[in-house]
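Encoded as structure tokens, the structure appears first; notes follow it.
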Amino acid sequence: ILFVAICRFAEPIVLTSVNPYLPEMIESFGVPQNEVAKWAGIASAIFSLCQCLTSIPWGRLSDTIGRKPVILVGLFNTMVTSLIWGFSSSLPMALTSSRALAGAGNGNIGIIRTMVAELCPWKELQPRAFSIMPLVYNIGSVIGPSIGGALANPMRVKPGSSGNGSFLERYPYALPNLVTSAMFFIGITTGILFLHETLASRRNRLDYGLRLGRRLIAVTREQYRRGSALLYGIKDRETEPLIKSLASSEDVIVPDEGSSDLDLQIDKSGSKYADVFTKQSVLNLIVYTILALHALGYDQLLPVFMHHHPQSTGDPNFSPPLKFAGGFGIDSARIGVLFTLYGFSGIFFQLVVFPPVARRYGVLNCLRVVLIVFPILYLLTPFTTLMPTATGKQATLVILMLIKGVCSTFAFPGITIILTNSASSLQVLGTLNGVATSVSAIGRAAGPAIGGSIFTLGVKHGFVLAPFWVFAAIALLGALSSFLLVEGEGFGDDKVDEDTFEDIEDNPYVKAAPLGIQGQEMIDESESEYGDIGPLLSRSATNMSEAVESVDGSDIEGSNSRSTSRRGSRVRRRSSVPLGMNAGFKRYSSNLGQT
């Protein structure tokens with residue numbers, strides 16, 4: 001999961017670094033100021049719309065060739081298109097060559113969610129595991145606006161003026177995109193060298209990138225050991241065997257016990273859409289789409305609202321509390337600072353607040369509460385511009401943004417967990433997340449487009465609150481729909497029959513005992529029930545059918561009778577269980593002392 005997070009890290013930086021300077025960049029293409037909101041919304045909508053059209057094919061492709069190659073292709077595409085965006089000299093170039101290609105060539109959101117679900121299918125650990133990627137996004141939302149606000153237009157070229165001077169005057173928005181592209185290079189390199197495949201049918205295939213990564217780690221450790229020996233005067237010792245094995249562990253691919261021929265057959269045959277679109281899955285997709293629409297639309301509308309010029313109280317169209325059309329009138333650098341504070345709060349809430357609260361009160365209950373808060377928040381946002389001072393305006397807006405950060409922290413990981421647990425099986429999870437990315441992309445495309453268009457229309461008629469109240473109505477619809485959701489059971493719990501639990505409870509050796517000599521004696525005594533250790537390499541030491549006796553003393557012969565007797569025996573050995581797992585994860589020894 002760590003390497004998945006590193007690969008994901010650059011994407012939110014690129015996405016959020018655009019927010020501080022997007023209105024200013026749109027205006028630099030010759031767009032009138034009262035039309036900036038509309039075209040800024042269109043720029044965001046084109047990205048999400050193209051992502052909607054290609055997310056399902058990317059998800060299906062990841063179910064066929066694996067998650068890793070699809071993720072690497074998406075990262076490379078986003079790196080290239082971010083450079084095109086920074087060097088765009090016209091609005092059509094920025095919209096088509098950059099935003100459209102960036103959305104169409106990257107389906108990583110759903111695929112990364114699938115990888116996290118495959119790496120951590122246990123419901124008890126899902127709040128922590130599924131909060132990692134939103135945490136990465138929040139960290140990126142801190143760094144991204146800082147880069148965009150500080151590095152965009154460093155020469156302070158005014159919109160509409162022709163830049164015929166230096167490189168940064170001709171391309172005032174290239175510098176932040178050059179910096180973010182370097183971060184993409186780090187993510188791509190990490191993915192090639194250290195990212196493991198999680199698709200069952202491709203998990204054990206030979207990966208030359210991983211082999212190269214292991215060799216680089218080995219060389220680095222060897223150089224560090226030699227350097228430490230020279231620095232501290234430690235004499236070199238022979239640490240490798242004189243005769244190396246014929247086959248290195250790096251060159252041998254051991255089949256995973258969890259992947260069987262049946263798993264491979266299911267992966268190759270693909271998933272049926274009837275298995276993907278269950279009732280709960282469809283309801284989750286609807287709620288997720290509505291959430292993406294108003295949450296992303298609101299985030300895209302905020303920088304436009306902040307950049308919009310303030311309205312004088314003497315304006316004839318100024319008639320509060322409902323009719324007013326003013327903004328904040330602040331530049332991209334100030335907008336970047338406010339969004340950086342917004343991102344910092346998200347990191348805190350994601351890391352400290354979400355996991356324990358979700359475990360205590362339940363993911364679905366937390367989701368319903370925050371979905372109810374969203375419409376109230378949107379109704380209050382436009383009234384921040386009525387504060388008497390500029391400091392009061394910005395402070396009030398920051399408070400509302402912090403509340404929005406708390407709601408987003410619970411909403412997006414929560415709906416992702418519930419959507420994952422609504423899948424009929426892990427085999428359809430890649431396709432389901434691809435569908436989720438597509439339908440949520442519809443919301444992410446519609447939200448900025450709706451918000452920008454209504455903002456432009458509302459400002460013309462003196463009602464800047466119009467887009468925020470429309471988002472409030474949409475958010476209310478999503479909050480009501482969430483009460484139809486049901487939280488699934490997840491995939492991590494093994495099904496254990498009641499007889500097994502009765503055997504566990506009745507067995508005195510499974511009950512808790514003090515650690516130390518007494519506990520060790522109980523373990524040794526339980527092992528002796530299966531027979532004493534025979535001579536080394538004797539038939540009785542390698543054939544359990546002759547060495548193991550049942551509780552009533554009868555001999556057991558053959559593999560079939562062996563398994564039957566073991567199942568009927570009341571003596572079972574206790575095994576350690578990972579933290580957070582339940583009794584369904586217990587595994588019992590198969591005559592470990594004999595083998």
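Just so we're on the same page: first chain in the structure tokens is A, next is B, and so on; residues restart at 1 for each chain, and ligands are numbered from 1 in the order they show up.
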
query: Skipping near chain neighbours, those fewer than 6 positions away, what residues fall within 10 Å of segment 414-421 of chain A using only C-alpha atoms, listed as a ChimeraX atom specification?
result: /A:110,113-114,117,121-123,126-127,129-131,280-285,287-288,291,354,358,362-368,408,429-430,432-433,436,482,485-491

- prompt: Could you pull the residues within 9 Å of Ile109 of chain A, counting only C-alpha atoms, minus those fewer than 6 positions along the same chain, as number ranges by chain?
  reply: A: 8, 55, 433-434, 437

Would you save the residues from that selection as a PDB file, in the first residue's frame, using all heavy atoms?
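See result-v1.pdb below for the written result:
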ATOM      1  N   ARG A   8       0.482   7.236  -6.380  1.00  0.00           N
ATOM      2  CA  ARG A   8      -0.704   8.104  -6.417  1.00  0.00           C
ATOM      3  C   ARG A   8      -0.378   9.546  -6.051  1.00  0.00           C
ATOM      4  O   ARG A   8      -1.117  10.467  -6.418  1.00  0.00           O
ATOM      5  CB  ARG A   8      -1.741   7.529  -5.441  1.00  0.00           C
ATOM      6  CG  ARG A   8      -2.923   8.399  -5.101  1.00  0.00           C
ATOM      7  CD  ARG A   8      -3.867   8.577  -6.251  1.00  0.00           C
ATOM      8  NE  ARG A   8      -5.074   9.278  -5.841  1.00  0.00           N
ATOM      9  CZ  ARG A   8      -5.845   9.979  -6.650  1.00  0.00           C
ATOM     10  NH1 ARG A   8      -5.546  10.058  -7.937  1.00  0.00           N
ATOM     11  NH2 ARG A   8      -6.922  10.592  -6.214  1.00  0.00           N
ATOM     12  N   SER A  55     -13.030   5.086 -18.228  1.00  0.00           N
ATOM     13  CA  SER A  55     -12.719   4.417 -16.962  1.00  0.00           C
ATOM     14  C   SER A  55     -13.107   2.944 -16.973  1.00  0.00           C
ATOM     15  O   SER A  55     -12.363   2.092 -16.470  1.00  0.00           O
ATOM     16  CB  SER A  55     -13.425   5.132 -15.802  1.00  0.00           C
ATOM     17  OG  SER A  55     -12.873   6.403 -15.590  1.00  0.00           O
ATOM     18  N   ASN A 433     -15.175  -0.872  -9.638  1.00  0.00           N
ATOM     19  CA  ASN A 433     -14.486   0.396  -9.378  1.00  0.00           C
ATOM     20  C   ASN A 433     -14.290   1.190 -10.661  1.00  0.00           C
ATOM     21  O   ASN A 433     -14.264   2.422 -10.637  1.00  0.00           O
ATOM     22  CB  ASN A 433     -13.142   0.130  -8.704  1.00  0.00           C
ATOM     23  CG  ASN A 433     -13.278  -0.067  -7.206  1.00  0.00           C
ATOM     24  OD1 ASN A 433     -14.014   0.653  -6.551  1.00  0.00           O
ATOM     25  ND2 ASN A 433     -12.595  -1.060  -6.667  1.00  0.00           N
ATOM     26  N   GLY A 434     -14.117   0.481 -11.801  1.00  0.00           N
ATOM     27  CA  GLY A 434     -14.063   1.196 -13.077  1.00  0.00           C
ATOM     28  C   GLY A 434     -15.383   1.870 -13.397  1.00  0.00           C
ATOM     29  O   GLY A 434     -15.422   3.019 -13.863  1.00  0.00           O
ATOM     30  N   THR A 437     -15.708   4.880 -11.126  1.00  0.00           N
ATOM     31  CA  THR A 437     -14.925   6.012 -11.619  1.00  0.00           C
ATOM     32  C   THR A 437     -15.631   6.711 -12.769  1.00  0.00           C
ATOM     33  O   THR A 437     -15.635   7.941 -12.868  1.00  0.00           O
ATOM     34  CB  THR A 437     -13.539   5.531 -12.064  1.00  0.00           C
ATOM     35  OG1 THR A 437     -12.887   4.873 -10.973  1.00  0.00           O
ATOM     36  CG2 THR A 437     -12.678   6.698 -12.524  1.00  0.00           C
TER      37      THR A 437
END

Determine, for each residue of segment 94-181 of chain A having at least one atom at most 12 Å from an atom of segment 81-84 of chain A, the closest pair of atoms and their separation in Å to one decimal, counting only C-alpha atoms; order by chain and ascending number, as JSON lines.
{"residue": "A:Ala94", "atom": "CA", "partner": "A:Ile84", "partner_atom": "CA", "distance": 7.5}
{"residue": "A:Leu95", "atom": "CA", "partner": "A:Ile84", "partner_atom": "CA", "distance": 10.2}
{"residue": "A:Thr96", "atom": "CA", "partner": "A:Ile84", "partner_atom": "CA", "distance": 10.1}
{"residue": "A:Ser97", "atom": "CA", "partner": "A:Ile84", "partner_atom": "CA", "distance": 7.0}
{"residue": "A:Ser98", "atom": "CA", "partner": "A:Thr81", "partner_atom": "CA", "distance": 4.9}
{"residue": "A:Arg99", "atom": "CA", "partner": "A:Thr81", "partner_atom": "CA", "distance": 7.3}
{"residue": "A:Ala100", "atom": "CA", "partner": "A:Thr81", "partner_atom": "CA", "distance": 9.0}
{"residue": "A:Leu101", "atom": "CA", "partner": "A:Thr81", "partner_atom": "CA", "distance": 6.7}
{"residue": "A:Ala102", "atom": "CA", "partner": "A:Thr81", "partner_atom": "CA", "distance": 5.6}
{"residue": "A:Gly103", "atom": "CA", "partner": "A:Thr81", "partner_atom": "CA", "distance": 9.4}
{"residue": "A:Ala104", "atom": "CA", "partner": "A:Thr81", "partner_atom": "CA", "distance": 10.7}
{"residue": "A:Gly105", "atom": "CA", "partner": "A:Thr81", "partner_atom": "CA", "distance": 9.4}
{"residue": "A:Asn106", "atom": "CA", "partner": "A:Thr81", "partner_atom": "CA", "distance": 10.5}
{"residue": "A:Tyr171", "atom": "CA", "partner": "A:Ile84", "partner_atom": "CA", "distance": 11.1}
{"residue": "A:Tyr173", "atom": "CA", "partner": "A:Leu83", "partner_atom": "CA", "distance": 9.9}
{"residue": "A:Ala174", "atom": "CA", "partner": "A:Leu83", "partner_atom": "CA", "distance": 7.2}
{"residue": "A:Leu175", "atom": "CA", "partner": "A:Leu83", "partner_atom": "CA", "distance": 9.4}
{"residue": "A:Pro176", "atom": "CA", "partner": "A:Leu83", "partner_atom": "CA", "distance": 9.4}
{"residue": "A:Asn177", "atom": "CA", "partner": "A:Leu83", "partner_atom": "CA", "distance": 5.7}
{"residue": "A:Leu178", "atom": "CA", "partner": "A:Leu83", "partner_atom": "CA", "distance": 6.5}
{"residue": "A:Val179", "atom": "CA", "partner": "A:Leu83", "partner_atom": "CA", "distance": 9.7}
{"residue": "A:Thr180", "atom": "CA", "partner": "A:Ser82", "partner_atom": "CA", "distance": 8.0}
{"residue": "A:Ser181", "atom": "CA", "partner": "A:Ser82", "partner_atom": "CA", "distance": 7.1}

For those residues, write N, CA and C atoms to a file as an mmCIF file, in the first residue's frame.
data_model
loop_
_atom_site.group_PDB
_atom_site.id
_atom_site.type_symbol
_atom_site.label_atom_id
_atom_site.label_comp_id
_atom_site.auth_asym_id
_atom_site.auth_seq_id
_atom_site.Cartn_x
_atom_site.Cartn_y
_atom_site.Cartn_z
ATOM 1 N N ALA A 94 -5.540 24.299 -24.499
ATOM 2 C CA ALA A 94 -5.614 23.890 -23.099
ATOM 3 C C ALA A 94 -6.743 22.891 -22.864
ATOM 4 N N LEU A 95 -7.862 23.071 -23.551
ATOM 5 C CA LEU A 95 -9.019 22.216 -23.313
ATOM 6 C C LEU A 95 -8.888 20.855 -23.992
ATOM 7 N N THR A 96 -8.422 20.847 -25.230
ATOM 8 C CA THR A 96 -8.402 19.589 -25.994
ATOM 9 C C THR A 96 -7.107 18.811 -25.790
ATOM 10 N N SER A 97 -5.977 19.438 -26.089
ATOM 11 C CA SER A 97 -4.703 18.719 -26.039
ATOM 12 C C SER A 97 -4.307 18.336 -24.628
ATOM 13 N N SER A 98 -4.770 19.073 -23.635
ATOM 14 C CA SER A 98 -4.360 18.790 -22.264
ATOM 15 C C SER A 98 -5.459 18.137 -21.449
ATOM 16 N N ARG A 99 -6.558 18.838 -21.216
ATOM 17 C CA ARG A 99 -7.582 18.348 -20.303
ATOM 18 C C ARG A 99 -8.269 17.096 -20.847
ATOM 19 N N ALA A 100 -8.586 17.084 -22.129
ATOM 20 C CA ALA A 100 -9.278 15.922 -22.698
ATOM 21 C C ALA A 100 -8.385 14.688 -22.671
ATOM 22 N N LEU A 101 -7.125 14.835 -23.096
ATOM 23 C CA LEU A 101 -6.208 13.690 -23.095
ATOM 24 C C LEU A 101 -5.878 13.238 -21.682
ATOM 25 N N ALA A 102 -5.791 14.170 -20.749
ATOM 26 C CA ALA A 102 -5.492 13.803 -19.365
ATOM 27 C C ALA A 102 -6.600 12.944 -18.777
ATOM 28 N N GLY A 103 -7.847 13.296 -19.069
ATOM 29 C CA GLY A 103 -8.952 12.501 -18.544
ATOM 30 C C GLY A 103 -9.098 11.168 -19.242
ATOM 31 N N ALA A 104 -8.912 11.136 -20.558
ATOM 32 C CA ALA A 104 -9.117 9.895 -21.306
ATOM 33 C C ALA A 104 -8.020 8.871 -21.042
ATOM 34 N N GLY A 105 -6.826 9.317 -20.728
ATOM 35 C CA GLY A 105 -5.704 8.393 -20.588
ATOM 36 C C GLY A 105 -5.377 7.979 -19.178
ATOM 37 N N ASN A 106 -6.266 8.258 -18.228
ATOM 38 C CA ASN A 106 -5.962 7.930 -16.833
ATOM 39 C C ASN A 106 -7.217 7.400 -16.151
ATOM 40 N N TYR A 171 5.503 31.835 -21.238
ATOM 41 C CA TYR A 171 4.746 30.707 -20.668
ATOM 42 C C TYR A 171 4.663 30.911 -19.144
ATOM 43 N N TYR A 173 2.631 29.986 -16.928
ATOM 44 C CA TYR A 173 2.087 28.911 -16.096
ATOM 45 C C TYR A 173 2.787 27.577 -16.346
ATOM 46 N N ALA A 174 3.982 27.633 -16.917
ATOM 47 C CA ALA A 174 4.737 26.410 -17.191
ATOM 48 C C ALA A 174 5.511 25.918 -15.966
ATOM 49 N N LEU A 175 5.991 26.841 -15.127
ATOM 50 C CA LEU A 175 6.872 26.469 -14.021
ATOM 51 C C LEU A 175 6.209 25.499 -13.031
ATOM 52 N N PRO A 176 4.978 25.724 -12.553
ATOM 53 C CA PRO A 176 4.400 24.746 -11.629
ATOM 54 C C PRO A 176 4.193 23.377 -12.257
ATOM 55 N N ASN A 177 3.934 23.334 -13.547
ATOM 56 C CA ASN A 177 3.726 22.048 -14.209
ATOM 57 C C ASN A 177 5.048 21.316 -14.443
ATOM 58 N N LEU A 178 6.130 22.037 -14.607
ATOM 59 C CA LEU A 178 7.442 21.394 -14.690
ATOM 60 C C LEU A 178 7.801 20.730 -13.355
ATOM 61 N N VAL A 179 7.483 21.402 -12.266
ATOM 62 C CA VAL A 179 7.774 20.842 -10.941
ATOM 63 C C VAL A 179 6.928 19.597 -10.678
ATOM 64 N N THR A 180 5.656 19.648 -10.991
ATOM 65 C CA THR A 180 4.800 18.485 -10.757
ATOM 66 C C THR A 180 5.157 17.320 -11.669
ATOM 67 N N SER A 181 5.666 17.594 -12.868
ATOM 68 C CA SER A 181 6.086 16.509 -13.762
ATOM 69 C C SER A 181 7.273 15.755 -13.178
#

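A straight line drawn from atom CA of Leu397 of chain A to atom CA of Val373 of chain A is 15.8 Å long.
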
query: If you count only C-alpha atoms, which residues fall within 7 Å of Val14 of chain A, apart from same-chain ones fewer than 4 positions away, as a ChimeraX atom specification?
result: /A:10,18,144,180

task: Determine which residues of segment 342-488 of chain A receive a DSSP assignment of alpha helix (DSSP H), computed from the backbone, and state them as number ranges by chain.
output: A: 342-348, 354-361, 363-380, 390-421, 429-460, 466-481

Can I get the selected residues back with C-alpha atoms, as a CSV table (one decimal), in the first residue's frame?
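What landed in selection-v6.csv:
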chain,number,residue,atom,x,y,z
A,342,TYR,CA,-7.8,23.6,3.7
A,343,GLY,CA,-5.5,20.7,2.7
A,344,PHE,CA,-3.7,20.7,6.1
A,345,SER,CA,-7.0,20.3,7.9
A,346,GLY,CA,-7.8,17.4,5.7
A,347,ILE,CA,-4.6,15.6,6.6
A,348,PHE,CA,-5.4,16.0,10.3
A,354,PHE,CA,-11.7,9.4,10.6
A,355,PRO,CA,-10.4,5.9,11.5
A,356,PRO,CA,-11.4,5.8,15.3
A,357,VAL,CA,-14.8,7.6,14.7
A,358,ALA,CA,-15.7,5.3,11.8
A,359,ARG,CA,-14.8,2.2,13.8
A,360,ARG,CA,-16.9,3.4,16.8
A,361,TYR,CA,-20.0,4.6,15.1
A,363,VAL,CA,-19.0,3.9,8.3
A,364,LEU,CA,-22.5,4.2,7.1
A,365,ASN,CA,-23.7,6.3,10.1
A,366,CYS,CA,-20.9,8.7,9.7
A,367,LEU,CA,-21.6,9.0,5.9
A,368,ARG,CA,-25.2,9.9,6.5
A,369,VAL,CA,-24.3,12.6,9.1
A,370,VAL,CA,-21.8,14.4,6.8
A,371,LEU,CA,-24.1,14.2,3.8
A,372,ILE,CA,-26.7,16.1,5.8
A,373,VAL,CA,-24.1,18.8,6.7
A,374,PHE,CA,-23.2,19.4,3.1
A,375,PRO,CA,-26.4,21.3,2.0
A,376,ILE,CA,-26.3,23.5,5.2
A,377,LEU,CA,-22.7,24.4,4.4
A,378,TYR,CA,-23.5,25.4,0.8
A,379,LEU,CA,-26.4,27.6,1.8
A,380,LEU,CA,-24.1,29.6,4.1
A,390,ALA,CA,-11.7,41.6,4.1
A,391,THR,CA,-10.2,39.7,7.0
A,392,GLY,CA,-13.6,38.8,8.3
A,393,LYS,CA,-14.6,37.5,4.9
A,394,GLN,CA,-11.6,35.3,4.5
A,395,ALA,CA,-11.7,34.0,8.1
A,396,THR,CA,-15.4,33.0,7.8
A,397,LEU,CA,-14.8,31.3,4.5
A,398,VAL,CA,-11.8,29.4,6.0
A,399,ILE,CA,-14.1,28.1,8.8
A,400,LEU,CA,-16.6,26.8,6.3
A,401,MET,CA,-13.8,25.2,4.2
A,402,LEU,CA,-12.6,23.4,7.3
A,403,ILE,CA,-16.1,22.0,7.9
A,404,LYS,CA,-16.2,21.0,4.3
A,405,GLY,CA,-12.9,19.3,4.8
A,406,VAL,CA,-14.3,17.2,7.7
A,407,CYS,CA,-17.3,16.2,5.6
A,408,SER,CA,-15.2,15.2,2.6
A,409,THR,CA,-12.8,13.2,4.9
A,410,PHE,CA,-15.7,11.1,6.0
A,411,ALA,CA,-17.7,11.0,2.8
A,412,PHE,CA,-15.3,9.8,0.1
A,413,PRO,CA,-13.6,7.0,2.0
A,414,GLY,CA,-16.9,6.0,3.5
A,415,ILE,CA,-18.7,5.7,0.2
A,416,THR,CA,-15.7,3.8,-1.2
A,417,ILE,CA,-15.7,1.3,1.7
A,418,ILE,CA,-19.5,0.7,1.4
A,419,LEU,CA,-19.2,0.4,-2.4
A,420,THR,CA,-16.4,-2.1,-2.1
A,421,ASN,CA,-18.3,-4.2,0.4
A,429,LEU,CA,-14.2,-5.5,-7.9
A,430,GLY,CA,-12.0,-4.1,-10.7
A,431,THR,CA,-14.9,-3.7,-13.0
A,432,LEU,CA,-17.1,-2.2,-10.3
A,433,ASN,CA,-14.5,0.4,-9.4
A,434,GLY,CA,-14.1,1.2,-13.1
A,435,VAL,CA,-17.8,1.8,-13.3
A,436,ALA,CA,-17.7,3.9,-10.1
A,437,THR,CA,-14.9,6.0,-11.6
A,438,SER,CA,-17.0,6.5,-14.8
A,439,VAL,CA,-20.2,7.4,-13.2
A,440,SER,CA,-18.5,9.6,-10.6
A,441,ALA,CA,-16.7,11.3,-13.5
A,442,ILE,CA,-20.1,12.2,-14.8
A,443,GLY,CA,-20.7,14.0,-11.5
A,444,ARG,CA,-17.3,15.6,-11.6
A,445,ALA,CA,-17.9,16.8,-15.1
A,446,ALA,CA,-21.4,18.1,-14.4
A,447,GLY,CA,-20.6,19.8,-11.1
A,448,PRO,CA,-18.1,22.3,-12.4
A,449,ALA,CA,-20.0,22.9,-15.6
A,450,ILE,CA,-23.3,23.5,-13.7
A,451,GLY,CA,-21.6,25.6,-11.0
A,452,GLY,CA,-19.7,27.8,-13.6
A,453,SER,CA,-22.6,28.3,-15.8
A,454,ILE,CA,-25.0,29.2,-13.0
A,455,PHE,CA,-22.4,31.5,-11.4
A,456,THR,CA,-22.0,33.4,-14.7
A,457,LEU,CA,-25.8,33.7,-15.1
A,458,GLY,CA,-26.4,34.5,-11.4
A,459,VAL,CA,-23.8,37.3,-11.3
A,460,LYS,CA,-25.4,38.9,-14.4
A,466,ALA,CA,-27.5,30.8,-7.1
A,467,PRO,CA,-24.9,28.1,-7.8
A,468,PHE,CA,-24.3,27.4,-4.1
A,469,TRP,CA,-28.0,26.9,-3.5
A,470,VAL,CA,-28.3,24.6,-6.5
A,471,PHE,CA,-25.5,22.5,-5.0
A,472,ALA,CA,-27.4,22.5,-1.7
A,473,ALA,CA,-30.5,21.1,-3.3
A,474,ILE,CA,-28.4,18.4,-5.1
A,475,ALA,CA,-26.6,17.5,-1.8
A,476,LEU,CA,-29.9,17.2,0.0
A,477,LEU,CA,-31.0,14.6,-2.6
A,478,GLY,CA,-27.8,12.6,-2.0
A,479,ALA,CA,-28.3,12.8,1.8
A,480,LEU,CA,-31.8,11.3,1.4
A,481,SER,CA,-30.6,8.6,-0.9

- request: Find the residues near Asn108 of chain A: any atom within 7 Å, counting only C-alpha atoms, skip ones fewer than 3 places away on the same chain, and give them as a PyMOL selection string.
  value: chain A and resi 71+74+111-112

field: Using only C-alpha atoms: which of A:Gln33, A:Gly107, A:His461, A:Leu15 has the shortest distance to Asn317 of chain A
entry: A:His461

query: What does the distance from atom CA of Gly30 of chain A to atom CA of Ala333 of chain A come to in Å, to one decimal?
result: 21.0 Å
